[in-house]
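**Student:** As input, take query04.cif (mmCIF, C-alpha atoms):
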data_query
loop_
_atom_site.group_PDB
_atom_site.id
_atom_site.type_symbol
_atom_site.label_atom_id
_atom_site.label_comp_id
_atom_site.auth_asym_id
_atom_site.auth_seq_id
_atom_site.Cartn_x
_atom_site.Cartn_y
_atom_site.Cartn_z
ATOM 1 C CA MET A 247 75.960 36.152 -119.845
ATOM 2 C CA LYS A 248 74.688 33.789 -122.534
ATOM 3 C CA SER A 249 74.599 30.056 -121.937
ATOM 4 C CA ILE A 250 76.619 27.757 -124.181
ATOM 5 C CA TYR A 251 73.353 26.778 -125.897
ATOM 6 C CA GLU A 252 72.483 30.397 -126.648
ATOM 7 C CA GLN A 253 75.965 30.831 -128.109
ATOM 8 C CA ALA A 254 75.620 27.715 -130.269
ATOM 9 C CA LEU A 255 72.186 28.616 -131.648
ATOM 10 C CA GLY A 256 72.673 32.368 -131.981
ATOM 11 C CA ASP A 257 69.520 34.204 -133.075
ATOM 12 C CA THR A 258 67.669 30.916 -133.633
ATOM 13 C CA TYR A 259 67.628 30.369 -129.850
ATOM 14 C CA GLN A 260 64.550 32.607 -129.802
ATOM 15 C CA LEU A 261 62.745 30.044 -131.982
ATOM 16 C CA LEU A 262 62.832 27.466 -129.190
ATOM 17 C CA HIS A 263 59.650 26.883 -127.251
ATOM 18 C CA PRO A 264 59.665 29.362 -124.315
ATOM 19 C CA LYS A 265 59.895 26.506 -121.815
ATOM 20 C CA LEU A 266 62.984 25.178 -123.590
ATOM 21 C CA GLN A 267 64.512 28.653 -123.724
ATOM 22 C CA GLU A 268 64.240 28.848 -119.950
ATOM 23 C CA ARG A 269 65.433 25.282 -119.497
ATOM 24 C CA TYR A 270 68.617 25.798 -121.536
ATOM 25 C CA ARG A 271 69.462 29.206 -120.105
ATOM 26 C CA LEU A 272 72.038 27.452 -117.922
ATOM 27 C CA THR A 273 74.673 29.925 -116.833
ATOM 28 C CA GLY A 274 76.137 31.304 -113.598
ATOM 29 C CA ASP A 275 74.772 29.311 -110.662
ATOM 30 C CA ALA A 276 71.700 27.967 -112.463
ATOM 31 C CA VAL A 277 70.561 24.440 -111.596
ATOM 32 C CA PHE A 278 67.862 22.377 -113.305
ATOM 33 C CA THR A 279 66.446 19.230 -111.703
ATOM 34 C CA GLY A 280 63.897 17.095 -113.500
ATOM 35 C CA ALA A 281 62.173 13.778 -112.906
ATOM 36 C CA GLY A 282 60.030 11.568 -115.070
ATOM 37 C CA ARG A 283 59.810 8.192 -116.772
ATOM 38 C CA MET A 284 61.281 6.620 -119.851
ATOM 39 C CA GLU A 285 58.550 4.946 -121.839
ATOM 40 C CA GLU A 286 61.181 2.634 -123.265
ATOM 41 C CA ILE A 287 64.949 2.083 -123.131
ATOM 42 C CA SER A 288 65.986 -0.232 -125.949
ATOM 43 C CA GLY A 289 68.670 -1.190 -128.466
ATOM 44 C CA GLY A 290 71.905 -3.091 -128.652
ATOM 45 C CA SER A 291 72.615 -6.715 -129.480
ATOM 46 C CA PHE A 292 73.551 -9.196 -126.768
ATOM 47 C CA ALA A 293 77.245 -8.626 -127.559
ATOM 48 C CA VAL A 294 76.915 -4.836 -127.493
ATOM 49 C CA ARG A 295 75.082 -4.897 -124.189
ATOM 50 C CA ALA A 296 77.699 -7.238 -122.723
ATOM 51 C CA MET A 297 80.369 -4.676 -123.623
ATOM 52 C CA MET A 298 78.325 -1.883 -122.042
ATOM 53 C CA VAL A 299 78.790 -3.533 -118.658
ATOM 54 C CA LEU A 300 82.304 -2.070 -118.788
ATOM 55 C CA GLY A 301 80.832 1.432 -118.799
ATOM 56 C CA ILE A 302 78.903 1.116 -115.535
ATOM 57 C CA ARG A 303 81.751 2.224 -113.267
ATOM 58 C CA ALA A 304 82.493 5.220 -115.492
ATOM 59 C CA ARG A 305 78.794 6.232 -115.414
ATOM 60 C CA LEU A 306 78.878 6.071 -119.196
ATOM 61 C CA PHE A 307 76.943 3.032 -120.474
ATOM 62 C CA PHE A 308 74.728 0.332 -118.992
ATOM 63 C CA PRO A 309 73.267 -2.911 -120.409
ATOM 64 C CA GLU A 310 69.781 -2.810 -118.853
ATOM 65 C CA ARG A 311 66.714 -2.223 -121.032
ATOM 66 C CA GLY A 312 63.051 -1.917 -120.199
ATOM 67 C CA ARG A 313 59.821 0.071 -120.185
ATOM 68 C CA ASN A 314 58.363 2.630 -117.777
ATOM 69 C CA ILE A 315 61.746 3.351 -116.164
ATOM 70 C CA PRO A 316 61.873 6.199 -113.581
ATOM 71 C CA PHE A 317 64.703 8.648 -114.137
ATOM 72 C CA VAL A 318 66.136 11.880 -112.772
ATOM 73 C CA ILE A 319 68.143 14.520 -114.642
ATOM 74 C CA HIS A 320 70.310 17.130 -112.923
ATOM 75 C CA ASN A 321 72.049 20.023 -114.675
ATOM 76 C CA LYS A 322 74.358 22.429 -112.923
ATOM 77 C CA VAL A 323 76.943 24.964 -114.030
ATOM 78 C CA SER A 324 80.488 25.466 -112.778
ATOM 79 C CA ARG A 325 83.823 26.682 -114.116
ATOM 80 C CA ASP A 326 86.708 24.452 -115.140
ATOM 81 C CA ALA A 327 90.413 25.059 -114.474
ATOM 82 C CA LYS A 328 90.530 27.506 -117.397
ATOM 83 C CA GLY A 329 87.588 29.504 -116.090
ATOM 84 C CA GLN A 330 85.207 28.214 -118.779
ATOM 85 C CA GLU A 331 81.596 27.557 -117.864
ATOM 86 C CA THR A 332 80.859 23.844 -117.835
ATOM 87 C CA VAL A 333 77.370 22.338 -117.779
ATOM 88 C CA TYR A 334 77.020 19.015 -115.980
ATOM 89 C CA TRP A 335 74.490 16.466 -117.214
ATOM 90 C CA ASP A 336 73.860 13.772 -114.597
ATOM 91 C CA ARG A 337 71.169 11.256 -115.541
ATOM 92 C CA THR A 338 70.072 8.397 -113.264
ATOM 93 C CA PHE A 339 67.798 5.547 -114.336
ATOM 94 C CA ASP A 340 66.121 3.268 -111.786
ATOM 95 C CA PHE A 341 65.749 -0.340 -112.937
ATOM 96 C CA ARG A 342 63.690 -1.701 -110.011
ATOM 97 C CA GLY A 343 66.102 -0.324 -107.434
ATOM 98 C CA LYS A 344 69.232 -0.829 -109.543
ATOM 99 C CA LYS A 345 70.603 2.650 -110.306
ATOM 100 C CA ARG A 346 72.360 3.234 -113.622
ATOM 101 C CA HIS A 347 73.958 6.490 -114.785
ATOM 102 C CA PHE A 348 74.664 8.315 -118.028
ATOM 103 C CA ASP A 349 76.744 11.386 -117.165
ATOM 104 C CA ALA A 350 78.488 14.031 -119.245
ATOM 105 C CA VAL A 351 79.804 17.586 -119.199
ATOM 106 C CA MET A 352 79.363 20.150 -121.970
ATOM 107 C CA LYS A 353 81.492 23.220 -122.606
ATOM 108 C CA TRP A 354 81.861 25.885 -125.276
ATOM 109 C CA ASP A 355 84.844 25.714 -127.633
ATOM 110 C CA SER A 356 85.404 29.376 -128.507
ATOM 111 C CA GLU A 357 87.997 28.576 -131.190
ATOM 112 C CA GLU A 358 85.760 26.254 -133.184
ATOM 113 C CA GLU A 359 82.529 27.913 -131.969
ATOM 114 C CA GLN A 360 80.814 24.694 -131.015
ATOM 115 C CA ILE A 361 79.789 22.728 -127.943
ATOM 116 C CA LEU A 362 82.002 19.860 -126.795
ATOM 117 C CA ASP A 363 80.401 16.931 -124.970
ATOM 118 C CA LEU A 364 82.571 14.773 -122.677
ATOM 119 C CA PHE A 365 81.046 11.497 -121.470
ATOM 120 C CA GLY A 366 81.741 9.569 -118.286
ATOM 121 C CA LYS A 367 83.429 10.255 -114.957
ATOM 122 C CA PRO A 368 86.304 10.570 -115.659
ATOM 123 C CA ALA A 369 85.687 11.568 -119.283
ATOM 124 C CA LEU A 370 86.345 8.601 -121.587
ATOM 125 C CA LEU A 371 84.754 9.851 -124.808
ATOM 126 C CA GLY A 372 84.400 13.261 -126.425
ATOM 127 C CA SER A 373 82.171 14.574 -129.203
ATOM 128 C CA SER A 374 81.446 17.887 -130.873
ATOM 129 C CA LEU A 375 77.774 18.779 -131.210
ATOM 130 C CA SER A 376 75.538 20.356 -133.823
ATOM 131 C CA LEU A 377 72.331 22.092 -132.665
ATOM 132 C CA HIS A 378 69.278 23.376 -134.475
ATOM 133 C CA VAL A 379 65.660 24.309 -133.770
ATOM 134 C CA ASP A 380 62.799 22.844 -135.798
ATOM 135 C CA ASP A 381 59.597 24.598 -136.891
ATOM 136 C CA LYS A 382 57.785 23.388 -133.763
ATOM 137 C CA GLY A 383 60.335 24.892 -131.367
ATOM 138 C CA ALA A 384 62.060 21.621 -130.446
ATOM 139 C CA MET A 385 65.794 21.360 -129.788
ATOM 140 C CA HIS A 386 67.739 18.938 -132.026
ATOM 141 C CA ILE A 387 71.249 17.888 -131.002
ATOM 142 C CA SER A 388 73.470 15.593 -133.071
ATOM 143 C CA SER A 389 77.027 14.380 -132.603
ATOM 144 C CA ARG A 390 79.767 15.189 -135.114
ATOM 145 C CA SER A 391 83.445 14.316 -134.677
ATOM 146 C CA GLN A 392 84.339 11.978 -131.811
ATOM 147 C CA TRP A 393 87.587 11.326 -129.977
ATOM 148 C CA LEU A 394 89.259 9.846 -126.911
ATOM 149 C CA PRO A 395 90.431 12.530 -124.443
ATOM 150 C CA LEU A 396 93.914 11.464 -123.310
ATOM 151 C CA PHE A 397 96.466 13.611 -121.453
ATOM 152 C CA GLY A 398 94.882 16.820 -122.694
ATOM 153 C CA MET A 399 94.853 15.603 -126.300
ATOM 154 C CA ARG A 400 92.059 14.472 -128.604
ATOM 155 C CA ILE A 401 92.723 11.102 -130.225
ATOM 156 C CA PRO A 402 90.310 10.990 -133.210
ATOM 157 C CA LEU A 403 88.043 7.960 -133.491
ATOM 158 C CA PRO A 404 87.545 6.475 -136.963
ATOM 159 C CA ARG A 405 83.928 6.890 -138.040
ATOM 160 C CA VAL A 406 83.420 3.137 -137.930
ATOM 161 C CA PHE A 407 83.749 3.363 -134.123
ATOM 162 C CA HIS A 408 81.424 6.345 -133.716
ATOM 163 C CA GLY A 409 78.256 6.236 -131.659
ATOM 164 C CA ALA A 410 76.312 8.767 -133.725
ATOM 165 C CA ALA A 411 73.739 10.405 -131.451
ATOM 166 C CA GLN A 412 70.483 12.108 -132.385
ATOM 167 C CA ILE A 413 68.614 13.874 -129.567
ATOM 168 C CA VAL A 414 65.303 15.726 -129.739
ATOM 169 C CA GLU A 415 63.907 17.602 -126.755
ATOM 170 C CA SER A 416 60.506 19.274 -127.036
ATOM 171 C CA TYR A 417 57.757 20.638 -124.834
ATOM 172 C CA ASP A 418 54.324 19.040 -124.727
ATOM 173 C CA GLU A 419 51.747 21.777 -124.133
ATOM 174 C CA GLU A 420 48.894 19.343 -123.590
ATOM 175 C CA ARG A 421 50.681 17.285 -120.940
ATOM 176 C CA GLN A 422 52.710 20.231 -119.590
ATOM 177 C CA CYS A 423 56.009 18.345 -119.666
ATOM 178 C CA PHE A 424 59.257 18.012 -121.561
ATOM 179 C CA ARG A 425 59.625 15.172 -124.067
ATOM 180 C CA ILE A 426 62.984 13.575 -124.866
ATOM 181 C CA ARG A 427 64.088 11.122 -127.572
ATOM 182 C CA VAL A 428 67.631 9.785 -127.906
ATOM 183 C CA HIS A 429 68.998 7.406 -130.518
ATOM 184 C CA VAL A 430 72.649 6.315 -130.737
ATOM 185 C CA ARG A 431 73.769 4.312 -133.753
ATOM 186 C CA ASN A 432 77.029 2.729 -134.907
ATOM 187 C CA PRO A 433 77.814 2.054 -138.604
ATOM 188 C CA LEU A 434 78.694 -1.598 -137.889
ATOM 189 C CA PHE A 435 76.430 -2.604 -135.007
ATOM 190 C CA GLY A 436 73.353 -0.505 -135.722
ATOM 191 C CA THR A 437 71.426 0.939 -132.790
ATOM 192 C CA LEU A 438 73.545 0.895 -129.622
ATOM 193 C CA PHE A 439 70.813 2.268 -127.415
ATOM 194 C CA ALA A 440 67.742 4.459 -127.573
ATOM 195 C CA TYR A 441 65.279 5.914 -125.149
ATOM 196 C CA LYS A 442 62.197 8.098 -125.125
ATOM 197 C CA GLY A 443 60.238 9.580 -122.270
ATOM 198 C CA SER A 444 58.970 12.679 -120.506
ATOM 199 C CA PHE A 445 59.795 14.721 -117.416
ATOM 200 C CA THR A 446 58.969 17.857 -115.468
ATOM 201 C CA GLY A 447 61.487 20.016 -113.687
ATOM 202 C CA THR A 448 62.466 23.064 -111.672
ATOM 203 C CA ARG A 449 65.161 25.609 -112.464
ATOM 204 C CA LYS A 450 66.903 27.536 -109.690
ATOM 205 C CA ASP A 451 69.138 30.541 -110.125
ATOM 206 C CA GLY A 452 72.052 31.775 -108.036
ATOM 207 C CA SER A 453 69.896 34.062 -105.908
ATOM 208 C CA GLY A 454 68.028 31.091 -104.490
ATOM 209 C CA GLY A 455 64.917 31.719 -106.550
ATOM 210 C CA SER A 456 63.211 28.850 -108.314
ATOM 211 C CA ARG A 457 60.840 28.383 -111.203
ATOM 212 C CA ASN A 458 58.749 25.355 -112.084
ATOM 213 C CA GLU A 459 59.564 24.620 -115.728
ATOM 214 C CA ALA A 460 56.648 22.313 -116.418
#
Could you take the file, read its structure, and then write that structure out as structure tokens?

**Tutor:**
Amino acid sequence: MKSIYEQALGDTYQLLHPKLQERYRLTGDAVFTGAGRMEEISGGSFAVRAMMVLGIRARLFFPERGRNIPFVIHNKVSRDAKGQETVYWDRTFDFRGKKRHFDAVMKWDSEEEQILDLFGKPALLGSSLSLHVDDKGAMHISSRSQWLPLFGMRIPLPRVFHGAAQIVESYDEERQCFRIRVHVRNPLFGTLFAYKGSFTGTRKDGSGGSRNEA
């Protein structure tokens, strides 16, 4: 079975760096666990960061910023109530012992043939995603339409309230690690938050086997 990322990228999936191909082949009982450091977590005015305090409980946003921040990423696959494969993205950042989270789930929308990204626990924000591979084999992910998921419905968000995300994940051959850059911007408030860093990880499949991905 193809992962939701293989379905989204089609034949261009083969253009990803081999380490990224293995990393995003998340299907069945596959689990990926990575750990590393964010060189920098930045962005957001004082007012924006004050509002982000409200997202802490929902594991959605956080106001802390800093450099050299340890973090852990955990991806696992399960099936939702409709039997669709769902990929969990649980990210934990350690600000000197203060744990902050940025969690989401991604699933494949077979009708619109795109990945849907639902943020928070419970989900408080939804976004459709666009994916492409650059000439160096890096994965680029950007947000498109955004909405509030309420009672099984999608309540569209006007673009002025969007947090437009740009994500680039690559593999550094020299350092033998994954590199990640994230930038989220709003039309009115500018950069809401951004981070960049590196990590190594291990992928396990359903048979109990494991493979060091970096």

**Student:** Please write as a PyMOL selection string the full residue list that the PyMOL selection byres ((chain A and resi 315-330) around 6) yields on this file.

**Tutor:** chain A and resi 275+277-284+313-314+331-340

**Student:** Could the centre and edge lengths of an axis-aligned box, enclosing all atoms of region 391-398 of chain A in the file with 6 Å extra on each side, be given in Å to one decimal as JSON?

**Tutor:**
{"center_x": 90.0, "center_y": 13.3, "center_z": -128.1, "size_x": 25.0, "size_y": 19.0, "size_z": 25.2}

**Student:** Residues within 9 Å of region 369-381 of chain A, please, as a PyMOL selection string. Count all atoms listed in the file; anything in the same chain fewer than 2 positions from it doesn't count.

**Tutor:** chain A and resi 251+254-255+258-259+261-262+304+306+350-351+360-367+383-396+400

**Student:** One number please: CA of Thr446 (chain A) to CA of Asp349 (chain A), in Å, one decimal.

**Tutor:**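 Here the two named atoms are 19.0 Å from each other.
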
**Student:** Calculated over only C-alpha atoms, which of the candidates A:Cys423, A:Ala276, A:Leu403, A:Met297 has the smallest distance to Gly447 (chain A)?

**Tutor:**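 Among A:Cys423, A:Ala276, A:Leu403, A:Met297, it is A:Cys423 that comes nearest to Gly447 (chain A).
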
**Student:** Pick out the residues sitting within 8 Å of Ile250 (chain A), and hand them over as a ChimeraX atom specification; count all atoms listed in the file, and ignore anything fewer than 2 positions along from it in its own chain.

**Tutor:** /A:248,252-254,272-273,353-354,361

**Student:** Counting all atoms listed in the file, which residue out of A:Asp451, A:Tyr270, A:Pro264, A:Gly301 sits closest to Asp418 (chain A)?

**Tutor:**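 Of all the options, A:Pro264 lies closest to Asp418 (chain A).
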
**Student:** So what do you get for CA of Arg305 (chain A) versus CA of Ser416 (chain A), distance-wise?

**Tutor:** 25.3 Å

**Student:** Go ahead and compute the interatomic distance for CA of Phe341 (chain A) and CA of Ser444 (chain A), in Å to one decimal.

**Tutor:**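 Between CA of Phe341 (chain A) and CA of Ser444 (chain A) the gap works out to 16.5 Å.
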
**Student:** How close does region 325-437 of chain A get to region 291-295 of chain A? List, as a tab-separated table, each residue of region 325-437 of chain A within 12 Å, its nearest atom pair and the distance in Å to one decimal, counting only C-alpha atoms.

**Tutor:**
residue	atom	partner	partner_atom	distance
A:Gly409	CA	A:Val294	CA	11.9
A:Arg431	CA	A:Val294	CA	11.5
A:Asn432	CA	A:Val294	CA	10.6
A:Leu434	CA	A:Val294	CA	11.0
A:Phe435	CA	A:Val294	CA	7.9
A:Gly436	CA	A:Ser291	CA	8.8
A:Thr437	CA	A:Ser291	CA	8.4

**Student:** Tell me which residues the PyMOL selection byres ((chain A and resi 428) around 9) grabs here, as JSON, numbers by chain.

**Tutor:** {"A": [411, 412, 413, 414, 415, 426, 427, 429, 430, 439, 440, 441, 442]}

**Student:** For each of A:Arg421, A:Arg269, A:Arg346, A:His408, take the minimum atom-to-atom distance to Leu438 (chain A), counting all atoms listed in the file, then give the residue where this is smallest.

**Tutor:**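 Of all the options, A:His408 lies closest to Leu438 (chain A).
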